[in-house]
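Everything on this sheet refers to the single structure shown next.
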Amino acid sequence: MPGRIPAPHIEYAQLAPTLIVLGAAVAGVLIEAFLPRRSRYYAQLLLSVVALAAAFAAVIGLAAGGFGSAKAHIAAMGAIAVDGPALFLQGTILLVSLIAVFTFAERRLDPAAHGNRVDSFAAQAAAVPGGKAEQAAVKAGFTTTEVFPIVLFAIGGMLVFPAANDLLTLFIALEVFSLPLYILCALARRQRLLSQESAVKYFLLGAFSSAFLLFGVALLYGYAGTVTYSGIAEVISDGAKQIDPALAGTMGNDVLLLIGSALVVMGLLFKVGAVPFHMWTPDVYQGAPTPVTGFMAAATKVAAFGALLRLLYVVLPGLRWDWRPVMWGVAILTMLGGAIVAITQTDIKRMLAYSSIAHAGFILAGVIATSENGISSVLFYLGAYSFVTLGAFAVVTLVRDAGGEATQLSKWAGLGRRSPLVAAVFAIFLLAFAGIPLTSGFTGKFAVFKAAAESGAGWLVVVGVLSSAIAAFFYIRVIVLMFFNEPKAEGPTVAVPSPLTTTAIAFGVVVTLVLGLAPQYFLHLAGQASVFIR
């Protein structure tokens, strides 16, 4: 019939990883509503682990079925790309998230409160910090098990973000994973005011970046008459062949294209934590509960860099000569800024925050390469970096004093003599961050710098190597502090974790060493997954 609205055609099987995670998140909300409080923790943990494992299996199934190569296509009526980079990044996000959930569920690090085991999250999130309601919640043994469905919603948004194939889907995915993260940052059991302050900073600055991105989407729509990636790329390369009468005055206007592209890229660079859009990172990393910090530092970077890669390589390849010089500047500022400022830090979480900023600069060197080698090197680096980061923050949760986590660097003096195993594991992660050979960090840096050098960005590689040398100083400084300084009498203790955190740390060590000693298979895997569907 004329005028009839066609029914949407959705490939549910190819969207299975995202649908499984979001379905589990909805089920988690229902568990919070209907299950007795004493049963929620175990039900939520089991649901989260099973859902993430099932979603990861679905990604493996899609990759084995050829959807990462020969069968790669655009699904969900043009909204989602199912291709090699999308599946590789989704698999990385799911595996990182599965390990992160173990650290969320840890309940043996803090001493029991009123006979009840406690985790890293506030007993009652809505209670005023230090107020009577919070004291009553602690006494009653309440726990904020809502963190599990909240983190599943965030993971669902992250799965869509690097696979989004139009600008509206990109924006919706950004909000779906950002809003849960704002909440999670405010839920620390200890130092609740600092935690809430970090959440407010993240929310306000995140709202600004979302506004910039949305304004950029509007300008690009005015330029191209469409929000689909392929449509915008076609108008950039061939010009506006069919002018939409409603947009006749703006379509094909290069000013809209340049400003709109800059605003959208700005919104993505904020999520990446690149200079000069990085100011939220150290405060949020320090104030958020450490399991949340580790999850954000690992998974958010993977999702954001995936979206940035797809935008630059699929939508804006025709503007390569415009955006490359800008990205050169951003990468140089990010590498040098993160490495130099990290030297001055006295808090371990803030030091790791500036370290993550420097690593964002190293990854941008691979993005700038504008080649398949550049894409594969970025994919490998993201996978390697995310597990090192998660393991490092999991170790930070173990070093504790009477006030909770002992994050002041001075308190880590002599840790290698108090607990040689924990200090040795943390040293492995620090050496990986520094890019020392036989660790995953060296392989990742070598891959991105090689791709950048082959694309003519030799000076950028020189800056990257200098930044790595600067960064190595503060990593080695922590190792020296742990092993060659005398422990203080009133120094912190190392808590004995449950098998959950032990598994997270062990997995991080294994991945760090395997990707450093035998990286060839995983480099080949990233190389196979380096072609975007257009």
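Each chain in the structure tokens gets a letter, A, B and so on, in the order shown; residues start at 1 in every chain, and ligands are counted from 1 in the order they appear.
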
List the neighbours of Val509 (chain A) out to 8 Å using only C-alpha atoms; skip same-chain residues closer than 5 positions along the sequence, and give me the result as JSON, numbers by chain. {"A": [388, 391, 425, 428, 429]}

Quick one: residues within 8 Å of Ile332 (chain A), only C-alpha atoms counted, chain neighbours fewer than 4 positions away excluded, as an mmCIF file with all heavy atoms, in the first residue's frame?
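Contents of the output file part39.cif:
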data_model
loop_
_atom_site.group_PDB
_atom_site.id
_atom_site.type_symbol
_atom_site.label_atom_id
_atom_site.label_comp_id
_atom_site.auth_asym_id
_atom_site.auth_seq_id
_atom_site.Cartn_x
_atom_site.Cartn_y
_atom_site.Cartn_z
ATOM 1 N N TRP A 328 48.438 14.991 14.692
ATOM 2 C CA TRP A 328 49.866 15.029 15.035
ATOM 3 C C TRP A 328 50.062 15.864 16.296
ATOM 4 O O TRP A 328 50.709 15.433 17.249
ATOM 5 C CB TRP A 328 50.649 15.671 13.878
ATOM 6 C CG TRP A 328 51.321 14.744 12.942
ATOM 7 C CD1 TRP A 328 50.707 13.891 12.078
ATOM 8 C CD2 TRP A 328 52.732 14.585 12.747
ATOM 9 N NE1 TRP A 328 51.647 13.214 11.341
ATOM 10 C CE2 TRP A 328 52.909 13.621 11.732
ATOM 11 C CE3 TRP A 328 53.857 15.160 13.318
ATOM 12 C CZ2 TRP A 328 54.165 13.218 11.290
ATOM 13 C CZ3 TRP A 328 55.121 14.768 12.872
ATOM 14 C CH2 TRP A 328 55.263 13.798 11.876
ATOM 15 N N LEU A 336 53.744 13.790 25.512
ATOM 16 C CA LEU A 336 54.635 14.558 26.369
ATOM 17 C C LEU A 336 53.938 15.022 27.642
ATOM 18 O O LEU A 336 54.501 14.943 28.744
ATOM 19 C CB LEU A 336 55.187 15.768 25.604
ATOM 20 C CG LEU A 336 56.197 15.453 24.496
ATOM 21 C CD1 LEU A 336 56.569 16.720 23.734
ATOM 22 C CD2 LEU A 336 57.455 14.800 25.071
ATOM 23 N N GLY A 361 48.319 8.924 23.780
ATOM 24 C CA GLY A 361 49.162 9.541 22.750
ATOM 25 C C GLY A 361 49.890 8.509 21.914
ATOM 26 O O GLY A 361 49.987 8.637 20.686
ATOM 27 N N LEU A 460 57.164 11.939 14.643
ATOM 28 C CA LEU A 460 56.218 11.574 15.695
ATOM 29 C C LEU A 460 56.752 10.380 16.493
ATOM 30 O O LEU A 460 56.611 10.323 17.723
ATOM 31 C CB LEU A 460 54.856 11.234 15.076
ATOM 32 C CG LEU A 460 53.698 11.012 16.039
ATOM 33 C CD1 LEU A 460 53.372 12.295 16.784
ATOM 34 C CD2 LEU A 460 52.463 10.527 15.284
ATOM 35 N N VAL A 463 59.366 11.596 18.951
ATOM 36 C CA VAL A 463 58.727 12.166 20.143
ATOM 37 C C VAL A 463 58.173 11.050 21.029
ATOM 38 O O VAL A 463 58.269 11.099 22.262
ATOM 39 C CB VAL A 463 57.609 13.153 19.748
ATOM 40 C CG1 VAL A 463 56.871 13.654 20.982
ATOM 41 C CG2 VAL A 463 58.177 14.325 18.977
ATOM 42 N N GLY A 464 57.591 10.024 20.395
ATOM 43 C CA GLY A 464 57.051 8.902 21.155
ATOM 44 C C GLY A 464 58.121 8.163 21.942
ATOM 45 O O GLY A 464 57.911 7.791 23.106
#

Could you name the residues that touch region 409-412 of chain A at 9 Å or less, counting only C-alpha atoms, but leaving out those on the same chain fewer than 4 positions away, as a list of chain:residue names?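 Near region 409-412 of chain A, the qualifying residues are A:Gln345, A:Thr346, A:Asp347, A:Ile348, A:Val399, A:Gly416, A:Val478, A:Leu481, A:Met482, A:Pro487, A:Lys488, A:Glu490, A:Gly491, A:Pro492.
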
Closest atom pairs, residues of region 192-298 of chain A within 10 Å of region 70-80 of chain A, only C-alpha atoms, as JSON lines:
{"residue": "A:Val227", "atom": "CA", "partner": "A:Ala79", "partner_atom": "CA", "distance": 9.9}
{"residue": "A:Thr228", "atom": "CA", "partner": "A:Gly78", "partner_atom": "CA", "distance": 7.4}
{"residue": "A:Tyr229", "atom": "CA", "partner": "A:Gly78", "partner_atom": "CA", "distance": 9.1}
{"residue": "A:Ser230", "atom": "CA", "partner": "A:Gly78", "partner_atom": "CA", "distance": 9.3}

Grab the residues selected above and save them as a compact mmCIF listing (two decimals), in the first residue's frame with C-alpha atoms.
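Writing done, so here's out.txt:
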# COMPACT_ATOMS: atom_id res chain seq x y z
CA VAL A 227 23.94 10.93 9.26
CA THR A 228 25.14 7.60 7.84
CA TYR A 229 28.89 7.12 7.62
CA SER A 230 28.82 5.98 4.00

Contacts of Ala188 (chain A) at 7 Å or less, counting only C-alpha atoms, minus same-chain residues fewer than 6 places along, as a list of chain:residue names?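 Listing them by chain and then by number gives A:Ser120, A:Phe121, A:Ala122, A:Ser195, A:Ala288, A:Pro289.
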
Selection from above, N, CA and C atoms, as a PDB file, in the first residue's frame, can you write it?
ATOM      1  N   SER A 120      33.727  -2.724  47.646  1.00  0.00           N
ATOM      2  CA  SER A 120      34.274  -1.373  47.441  1.00  0.00           C
ATOM      3  C   SER A 120      33.197  -0.305  47.325  1.00  0.00           C
ATOM      4  N   PHE A 121      31.927  -0.706  47.363  1.00  0.00           N
ATOM      5  CA  PHE A 121      30.844   0.231  47.041  1.00  0.00           C
ATOM      6  C   PHE A 121      30.030   0.606  48.273  1.00  0.00           C
ATOM      7  N   ALA A 122      29.452   1.794  48.234  1.00  0.00           N
ATOM      8  CA  ALA A 122      28.698   2.339  49.360  1.00  0.00           C
ATOM      9  C   ALA A 122      27.581   1.396  49.776  1.00  0.00           C
ATOM     10  N   SER A 195      34.670  10.720  46.097  1.00  0.00           N
ATOM     11  CA  SER A 195      34.057   9.923  45.032  1.00  0.00           C
ATOM     12  C   SER A 195      32.936  10.691  44.343  1.00  0.00           C
ATOM     13  N   ALA A 288      37.094   7.748  41.998  1.00  0.00           N
ATOM     14  CA  ALA A 288      36.185   6.619  41.765  1.00  0.00           C
ATOM     15  C   ALA A 288      36.651   5.383  42.533  1.00  0.00           C
ATOM     16  N   PRO A 289      35.739   4.463  42.862  1.00  0.00           N
ATOM     17  CA  PRO A 289      36.174   3.178  43.448  1.00  0.00           C
ATOM     18  C   PRO A 289      37.190   2.524  42.523  1.00  0.00           C
TER      19      PRO A 289
END

For Leu87 (chain A), list every protein, DNA or RNA residue within 9 Å, evaluated using only C-alpha atoms, and leave out those in the same chain fewer than 5 positions away; present the list as a PyMOL selection string. chain A and resi 59-60+62-63+67-68+82+92+163+529

Considering only C-alpha atoms, can you say which of A:Met251, A:Val378, A:Ala392, A:Ala55 comes closest to Phe449 (chain A)?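 Looking at the shortest contact to Phe449 (chain A), the residue is A:Val378.
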
Rounded to one decimal, what separation in Å do you get between CA of Glu32 (chain A) and CA of Pro149 (chain A)?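 That distance, rounded to one decimal, is 9.0 Å.
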
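Contact shell of Gly141 (chain A) at 10 Å (only C-alpha atoms; same-chain neighbours under 4 positions omitted): Arg37, Arg38, Ala112, Ala113, His114, Gly115, Asn116, Arg117, Val118, Ala123, Gln124, Gln135, Ala136 and Ala137 of chain A.
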
Save the residues we just selected, C-alpha atoms, as an mmCIF file, in the first residue's frame?
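What ended up in selection_31.cif:
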data_model
loop_
_atom_site.group_PDB
_atom_site.id
_atom_site.type_symbol
_atom_site.label_atom_id
_atom_site.label_comp_id
_atom_site.auth_asym_id
_atom_site.auth_seq_id
_atom_site.Cartn_x
_atom_site.Cartn_y
_atom_site.Cartn_z
ATOM 1 C CA ARG A 37 18.462 -8.653 49.588
ATOM 2 C CA ARG A 38 20.563 -11.530 50.959
ATOM 3 C CA ALA A 112 33.904 -7.210 58.021
ATOM 4 C CA ALA A 113 31.453 -4.551 59.239
ATOM 5 C CA HIS A 114 29.024 -5.737 61.951
ATOM 6 C CA GLY A 115 29.655 -9.331 60.953
ATOM 7 C CA ASN A 116 29.000 -8.720 57.239
ATOM 8 C CA ARG A 117 31.533 -8.835 54.400
ATOM 9 C CA VAL A 118 31.751 -5.559 52.457
ATOM 10 C CA ALA A 123 26.259 0.453 51.574
ATOM 11 C CA GLN A 124 23.436 2.740 50.450
ATOM 12 C CA GLN A 135 25.353 4.170 59.372
ATOM 13 C CA ALA A 136 22.131 2.191 59.590
ATOM 14 C CA ALA A 137 22.747 0.669 56.143
#

What residues in region 193-430 of chain A get the DSSP label strand (DSSP E)? Please answer as a ChimeraX atom specification. /A:399-401,404-405

Please write the residues from the selection above to a file, keeping all heavy atoms, as a PDB file, in the first residue's frame.
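Produced file part_22.pdb, reproduced below:
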ATOM      1  N   VAL A 399      46.748  -3.089  48.574  1.00  0.00           N
ATOM      2  CA  VAL A 399      47.632  -2.387  49.513  1.00  0.00           C
ATOM      3  C   VAL A 399      46.780  -1.440  50.345  1.00  0.00           C
ATOM      4  O   VAL A 399      46.247  -0.449  49.837  1.00  0.00           O
ATOM      5  CB  VAL A 399      48.734  -1.622  48.756  1.00  0.00           C
ATOM      6  CG1 VAL A 399      49.692  -0.960  49.735  1.00  0.00           C
ATOM      7  CG2 VAL A 399      49.493  -2.570  47.829  1.00  0.00           C
ATOM      8  N   ARG A 400      46.641  -1.729  51.663  1.00  0.00           N
ATOM      9  CA  ARG A 400      45.649  -1.030  52.471  1.00  0.00           C
ATOM     10  C   ARG A 400      46.221  -0.637  53.838  1.00  0.00           C
ATOM     11  O   ARG A 400      47.152  -1.253  54.346  1.00  0.00           O
ATOM     12  CB  ARG A 400      44.411  -1.923  52.680  1.00  0.00           C
ATOM     13  CG  ARG A 400      43.896  -2.561  51.404  1.00  0.00           C
ATOM     14  CD  ARG A 400      42.697  -3.427  51.653  1.00  0.00           C
ATOM     15  NE  ARG A 400      41.477  -2.660  51.706  1.00  0.00           N
ATOM     16  CZ  ARG A 400      40.800  -2.245  50.648  1.00  0.00           C
ATOM     17  NH1 ARG A 400      41.230  -2.502  49.435  1.00  0.00           N
ATOM     18  NH2 ARG A 400      39.679  -1.559  50.774  1.00  0.00           N
ATOM     19  N   ASP A 401      45.625   0.429  54.382  1.00  0.00           N
ATOM     20  CA  ASP A 401      45.901   0.811  55.762  1.00  0.00           C
ATOM     21  C   ASP A 401      44.568   1.022  56.473  1.00  0.00           C
ATOM     22  O   ASP A 401      43.516   0.603  55.956  1.00  0.00           O
ATOM     23  CB  ASP A 401      46.802   2.050  55.840  1.00  0.00           C
ATOM     24  CG  ASP A 401      46.214   3.241  55.089  1.00  0.00           C
ATOM     25  OD1 ASP A 401      44.994   3.232  54.802  1.00  0.00           O
ATOM     26  OD2 ASP A 401      46.967   4.194  54.786  1.00  0.00           O
ATOM     27  N   GLY A 404      41.639   2.473  54.425  1.00  0.00           N
ATOM     28  CA  GLY A 404      41.267   1.827  53.163  1.00  0.00           C
ATOM     29  C   GLY A 404      42.494   1.643  52.297  1.00  0.00           C
ATOM     30  O   GLY A 404      43.570   1.277  52.793  1.00  0.00           O
ATOM     31  N   GLU A 405      42.362   1.904  50.999  1.00  0.00           N
ATOM     32  CA  GLU A 405      43.487   1.736  50.079  1.00  0.00           C
ATOM     33  C   GLU A 405      44.572   2.771  50.371  1.00  0.00           C
ATOM     34  O   GLU A 405      44.278   3.959  50.531  1.00  0.00           O
ATOM     35  CB  GLU A 405      43.004   1.875  48.635  1.00  0.00           C
ATOM     36  CG  GLU A 405      42.086   0.739  48.201  1.00  0.00           C
ATOM     37  CD  GLU A 405      41.342   1.058  46.917  1.00  0.00           C
ATOM     38  OE1 GLU A 405      41.590   2.144  46.363  1.00  0.00           O
ATOM     39  OE2 GLU A 405      40.530   0.240  46.481  1.00  0.00           O
TER      40      GLU A 405
END

Give me the region 107-219 of chain A side of the contact with region 303-320 of chain A, cut-off 6 Å, one line per residue showing its nearest atom pair and distance in Å at one decimal, counting only C-alpha atoms, sorted by chain and residue number, as a Markdown table.
| residue | atom | partner | partner_atom | distance |
| --- | --- | --- | --- | --- |
| A:Met158 | CA | A:Ala303 | CA | 5.5 |
| A:Phe161 | CA | A:Ala307 | CA | 5.9 |
| A:Pro162 | CA | A:Ala307 | CA | 4.1 |

Grab the CA of Ala472 (chain A) to CA of Leu333 (chain A) distance for me, in Å with one decimal place.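 CA of Leu333 (chain A) lies at a distance of 17.6 Å from CA of Ala472 (chain A).
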
Which of these, A:Leu421, A:Leu19, A:Leu89, A:Ile363, has the shortest distance to Ala526 (chain A) once you count only C-alpha atoms?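 Answer, going by the shortest atom-to-atom distance: A:Leu89.
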
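Take the candidates A:Ser210, A:Ser237, A:Ser261, A:Thr344 and check each one against Gly222 (chain A) using only C-alpha atoms; the shortest distance goes to A:Ser261.
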
What lies within 9 Å of Phe393 (chain A) using only C-alpha atoms, ignoring chain neighbours under 6 positions off, as a PDB file with N, CA, C and O atoms, in the first residue's frame?
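In the end it all went to selection.pdb:
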ATOM      1  N   THR A 290      38.251   1.957  43.068  1.00  0.00           N
ATOM      2  CA  THR A 290      39.349   1.461  42.236  1.00  0.00           C
ATOM      3  C   THR A 290      38.913   0.396  41.224  1.00  0.00           C
ATOM      4  O   THR A 290      39.403   0.403  40.087  1.00  0.00           O
ATOM      5  N   PRO A 291      37.993  -0.530  41.557  1.00  0.00           N
ATOM      6  CA  PRO A 291      37.524  -1.447  40.506  1.00  0.00           C
ATOM      7  C   PRO A 291      36.884  -0.714  39.324  1.00  0.00           C
ATOM      8  O   PRO A 291      37.067  -1.117  38.179  1.00  0.00           O
ATOM      9  N   THR A 293      37.647   2.401  38.425  1.00  0.00           N
ATOM     10  CA  THR A 293      38.752   3.068  37.728  1.00  0.00           C
ATOM     11  C   THR A 293      39.425   2.116  36.755  1.00  0.00           C
ATOM     12  O   THR A 293      39.701   2.467  35.599  1.00  0.00           O
ATOM     13  N   GLY A 294      39.713   0.892  37.205  1.00  0.00           N
ATOM     14  CA  GLY A 294      40.342  -0.088  36.326  1.00  0.00           C
ATOM     15  C   GLY A 294      39.474  -0.418  35.134  1.00  0.00           C
ATOM     16  O   GLY A 294      39.962  -0.500  33.990  1.00  0.00           O
ATOM     17  N   PHE A 295      38.176  -0.600  35.373  1.00  0.00           N
ATOM     18  CA  PHE A 295      37.246  -0.907  34.280  1.00  0.00           C
ATOM     19  C   PHE A 295      37.181   0.237  33.278  1.00  0.00           C
ATOM     20  O   PHE A 295      37.253   0.033  32.058  1.00  0.00           O
ATOM     21  N   LYS A 349      47.178   6.298  42.024  1.00  0.00           N
ATOM     22  CA  LYS A 349      46.080   6.304  41.060  1.00  0.00           C
ATOM     23  C   LYS A 349      46.194   7.499  40.109  1.00  0.00           C
ATOM     24  O   LYS A 349      45.899   7.383  38.919  1.00  0.00           O
ATOM     25  N   LEU A 352      48.902   6.636  37.587  1.00  0.00           N
ATOM     26  CA  LEU A 352      48.390   5.745  36.546  1.00  0.00           C
ATOM     27  C   LEU A 352      47.431   6.475  35.606  1.00  0.00           C
ATOM     28  O   LEU A 352      47.329   6.116  34.431  1.00  0.00           O
TER      29      LEU A 352
END

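Pairwise distance (CA of Val341 (chain A), CA of Gly366 (chain A)) equals 22.8 Å.
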